[in-house]
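Trainee: The following block contains the structure, expressed as structure tokens.
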Amino acid sequence: MALREIIKLPDPRLRLVAEPVQEISDEIRSLVADMMETMYAAPGIGLAAIQVGVAQRVITLDLAKKDEPKNPQVVINPEILWTSEERATYEEGCLSIPEFYEEVERPAQVRVSYTDLDGNARDVEANGLLATCLQHEIDHLNGVLFIDHLSKLKRDRIIKKFTKAAKRAEE
Ligand SMILES: [Zn+2]
């Protein structure tokens, strides 16, 4: 296992549409192990492969609270099958947009099909934080960031801030 670098806004790779995983190969298993390690180290509760620069439809999650045992979950090739009309608002953040948090409204419940790391087809009906987290991470697979759900004014402001910071870091 190895830590991988988390790419940050405005890295254009964050806008790529990730490719479906064709086979759970050793390469995918090693990617998942690295993503878990990187996610725990950040620390974060969810990570999409593109955030470590790999445009594959792979997500790692662990929504366990600090005092609970770890609950690592691997979501490969997810598809949103259904979303509720009821909506919920959570304050979201993103490891690729550090130290920026904003409330985002999304469907409160979702049903998602995916493949697990053993190659089994699975189906989950999620609500609460898991529903939000799944939608946030699946957005990443489609090149969408949580700031895309904010007003254009807020989005432009945060993109400008991170673009300036990236330029300063290059100098
Ligand atoms: Zn994110």
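So you can find residues: chains in the structure tokens are A, B, ... in the order shown, residues in each start at 1, and ligands are numbered from 1 in order.
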Which residues sit within 12 Å of ligand 1, counting only C-alpha atoms and all ligand atoms, listed as a PyMOL selection string?

Mentor: chain A and resi 6-9+14-15+39+44-52+59-61+92-101+132-148

Trainee: Compile the contact shell of segment 68-74 of chain A as JSON, numbers by chain: residues with an atom at most 8 Å away, counting only C-alpha atoms, same-chain residues fewer than 3 positions apart removed.

Mentor: {"A": [32, 36, 58, 59, 60, 61, 62, 63, 64, 65, 116, 117]}

Trainee: For those residues, write all heavy atoms to a file as a short mmCIF file (atom, residue, chain, number, x, y, z; two decimals), in the first residue's frame.

Mentor:
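Here's the written file result36.cif:
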```
data_model
loop_
_atom_site.label_atom_id
_atom_site.label_comp_id
_atom_site.auth_asym_id
_atom_site.auth_seq_id
_atom_site.Cartn_x
_atom_site.Cartn_y
_atom_site.Cartn_z
N VAL A 32 -7.35 0.30 -4.97
CA VAL A 32 -8.30 0.40 -3.85
C VAL A 32 -7.55 0.46 -2.51
O VAL A 32 -7.87 1.28 -1.65
CB VAL A 32 -9.30 -0.77 -3.88
CG1 VAL A 32 -10.04 -0.90 -2.55
CG2 VAL A 32 -10.31 -0.58 -5.02
N MET A 36 -7.79 3.62 0.03
CA MET A 36 -8.21 3.51 1.43
C MET A 36 -7.19 4.20 2.32
O MET A 36 -7.53 5.00 3.19
CB MET A 36 -8.34 2.04 1.84
CG MET A 36 -9.59 1.36 1.36
SD MET A 36 -11.08 1.99 2.16
CE MET A 36 -12.33 0.99 1.34
N VAL A 58 -14.17 3.95 -9.58
CA VAL A 58 -13.90 3.30 -8.29
C VAL A 58 -14.04 4.35 -7.17
O VAL A 58 -13.52 5.45 -7.29
CB VAL A 58 -12.47 2.71 -8.25
CG1 VAL A 58 -12.17 2.11 -6.88
CG2 VAL A 58 -12.27 1.68 -9.35
N ILE A 59 -14.74 3.94 -6.10
CA ILE A 59 -14.97 4.82 -4.95
C ILE A 59 -14.63 4.04 -3.68
O ILE A 59 -14.95 2.85 -3.57
CB ILE A 59 -16.46 5.24 -4.89
CG1 ILE A 59 -16.81 6.17 -6.05
CG2 ILE A 59 -16.81 5.89 -3.55
CD1 ILE A 59 -18.32 6.36 -6.24
N THR A 60 -13.98 4.69 -2.73
CA THR A 60 -13.84 4.12 -1.39
C THR A 60 -14.61 5.01 -0.42
O THR A 60 -14.66 6.23 -0.58
CB THR A 60 -12.38 4.02 -0.94
OG1 THR A 60 -11.76 5.31 -1.03
CG2 THR A 60 -11.60 3.04 -1.81
N LEU A 61 -15.19 4.37 0.60
CA LEU A 61 -15.99 5.08 1.60
C LEU A 61 -15.74 4.47 2.96
O LEU A 61 -15.51 3.26 3.07
CB LEU A 61 -17.50 4.88 1.34
CG LEU A 61 -18.19 5.37 0.09
CD1 LEU A 61 -19.62 4.83 0.09
CD2 LEU A 61 -18.22 6.88 0.06
N ASP A 62 -15.83 5.28 4.00
CA ASP A 62 -15.94 4.76 5.36
C ASP A 62 -16.64 5.83 6.19
O ASP A 62 -16.04 6.86 6.50
CB ASP A 62 -14.58 4.41 5.96
CG ASP A 62 -14.75 3.65 7.27
OD1 ASP A 62 -15.81 3.82 7.92
OD2 ASP A 62 -13.85 2.90 7.65
N LEU A 63 -17.90 5.57 6.51
CA LEU A 63 -18.69 6.57 7.23
C LEU A 63 -18.71 6.31 8.74
O LEU A 63 -19.46 6.95 9.47
CB LEU A 63 -20.13 6.59 6.70
CG LEU A 63 -20.30 6.86 5.20
CD1 LEU A 63 -21.77 7.08 4.86
CD2 LEU A 63 -19.49 8.05 4.74
N ALA A 64 -17.89 5.35 9.21
CA ALA A 64 -17.86 5.05 10.65
C ALA A 64 -17.40 6.28 11.42
O ALA A 64 -16.50 7.01 10.97
CB ALA A 64 -16.93 3.89 10.92
N LYS A 65 -18.04 6.50 12.57
CA LYS A 65 -17.61 7.62 13.41
C LYS A 65 -16.34 7.24 14.15
O LYS A 65 -15.96 6.07 14.20
CB LYS A 65 -18.74 7.97 14.40
CG LYS A 65 -19.99 8.44 13.68
CD LYS A 65 -20.94 9.13 14.66
CE LYS A 65 -22.19 9.60 13.96
NZ LYS A 65 -23.10 8.47 13.63
N ASP A 116 -18.79 -5.01 -6.05
CA ASP A 116 -17.85 -4.92 -4.93
C ASP A 116 -16.47 -5.45 -5.35
O ASP A 116 -16.28 -5.87 -6.50
CB ASP A 116 -18.40 -5.60 -3.66
CG ASP A 116 -18.46 -7.13 -3.79
OD1 ASP A 116 -17.83 -7.70 -4.70
OD2 ASP A 116 -19.16 -7.74 -2.95
N LEU A 117 -15.53 -5.42 -4.42
CA LEU A 117 -14.14 -5.76 -4.77
C LEU A 117 -13.98 -7.24 -5.12
O LEU A 117 -12.99 -7.64 -5.73
CB LEU A 117 -13.21 -5.36 -3.61
CG LEU A 117 -11.72 -5.26 -3.93
CD1 LEU A 117 -11.43 -4.34 -5.12
CD2 LEU A 117 -10.94 -4.79 -2.71
#
```

Trainee: Do you know which residues are at most 9 Å from Glu91 of chain A counting only C-alpha atoms, after dropping those on the same chain fewer than 6 positions away, and could you put them as a list in words?

Mentor: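 Counting only the stated atoms, we get Tyr101, Glu102, Glu103, Val104 and Glu105 of chain A.
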
Trainee: Nearest to Leu129 of chain A among A:Asn77, A:Thr83, A:Ser113, A:Thr89, with distances taken over only C-alpha atoms: which residue is it?

Mentor: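 With only C-alpha atoms as the atom set, the closest residue is A:Thr89.
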
Trainee: So how many Å separate atom CA of Gln22 of chain A and atom CA of Ser84 of chain A, to one decimal?

Mentor: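 It comes out at 29.7 Å.
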
Trainee: Any idea what the distance is between atom CA of Glu86 of chain A and atom CA of Ala131 of chain A?

Mentor: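 We find that atom CA of Glu86 of chain A and atom CA of Ala131 of chain A lie 12.0 Å from each other.
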
Trainee: Using DSSP on the backbone coordinates, identify the residues of segment 14-144 of chain A assigned to alpha helix (DSSP H); present them as a VMD selection string.

Mentor: chain A and resid 26 to 41 128 to 141

Trainee: What does the distance between atom CA of Gly128 of chain A and atom CA of Arg87 of chain A come to in Å, to one decimal place?

Mentor: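 Computing the Euclidean distance for atom CA of Gly128 of chain A and atom CA of Arg87 of chain A yields 10.2 Å.
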
Trainee: Using only C-alpha atoms, pick whichever of A:Arg13, A:Arg106, A:Arg57, A:Lys152 has the shortest atom-to-atom distance to Ala88 of chain A.

Mentor: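 Counting only C-alpha atoms, the residue closest to Ala88 of chain A is A:Arg106.
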
Trainee: Considering only C-alpha atoms, state which residue in the set A:Thr115, A:Asn127, A:Thr38, A:Ser151 is at the smallest distance from Tyr90 of chain A.

Mentor: A:Asn127

Trainee: Taking only C-alpha atoms into account, which of A:Tyr114, A:Ala55, A:Ala42, A:Gly119 comes nearest Arg29 of chain A?

Mentor: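 Among the listed residues, the smallest separation from Arg29 of chain A belongs to A:Gly119.
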
Trainee: Kindly indicate which residue among A:Glu5, A:Glu19, A:Glu171, A:Glu125 lies nearest to Ile76 of chain A, using only C-alpha atoms for the distances.

Mentor: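 Counting only C-alpha atoms, the residue closest to Ile76 of chain A is A:Glu19.
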
Trainee: When DSSP is applied to the backbone of this structure, which of chain A are assigned strand (DSSP E)? Write them out as number ranges by chain.

Mentor: A: 46-48, 58-61, 73-83, 87-94, 97-107, 109-115, 121-127

Trainee: For Thr163 of chain A, list every protein, DNA or RNA residue within 12 Å, evaluated using only C-alpha atoms, and leave out those in the same chain fewer than 2 positions away; present the list as a PDB file with C-alpha atoms, in the first residue's frame.

Mentor:
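The file below, selection33.pdb, is the result:
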```
ATOM      1  CA  LYS A   8      -6.892  19.577  -6.117  1.00  0.00           C
ATOM      2  CA  LEU A   9      -9.041  22.161  -7.796  1.00  0.00           C
ATOM      3  CA  PRO A  10      -8.429  23.496 -10.509  1.00  0.00           C
ATOM      4  CA  ASP A  11      -6.652  20.336 -11.784  1.00  0.00           C
ATOM      5  CA  PRO A  12      -8.431  19.608 -15.104  1.00  0.00           C
ATOM      6  CA  ILE A  97     -11.227  21.421  -2.453  1.00  0.00           C
ATOM      7  CA  ASP A 156     -16.722  31.152  -9.575  1.00  0.00           C
ATOM      8  CA  ARG A 157     -15.421  32.669  -6.353  1.00  0.00           C
ATOM      9  CA  ILE A 158     -14.030  29.369  -5.035  1.00  0.00           C
ATOM     10  CA  ILE A 159     -12.539  28.364  -8.413  1.00  0.00           C
ATOM     11  CA  LYS A 160     -10.818  31.749  -8.616  1.00  0.00           C
ATOM     12  CA  LYS A 161      -9.432  31.354  -5.096  1.00  0.00           C
ATOM     13  CA  ALA A 165      -3.422  29.557  -4.850  1.00  0.00           C
ATOM     14  CA  ALA A 166      -2.221  27.031  -7.471  1.00  0.00           C
ATOM     15  CA  LYS A 167      -0.449  29.814  -9.393  1.00  0.00           C
ATOM     16  CA  ARG A 168       1.206  31.049  -6.221  1.00  0.00           C
ATOM     17  CA  ALA A 169       2.393  27.505  -5.426  1.00  0.00           C
ATOM     18  CA  GLU A 170       4.019  27.277  -8.881  1.00  0.00           C
TER      19      GLU A 170
END
```
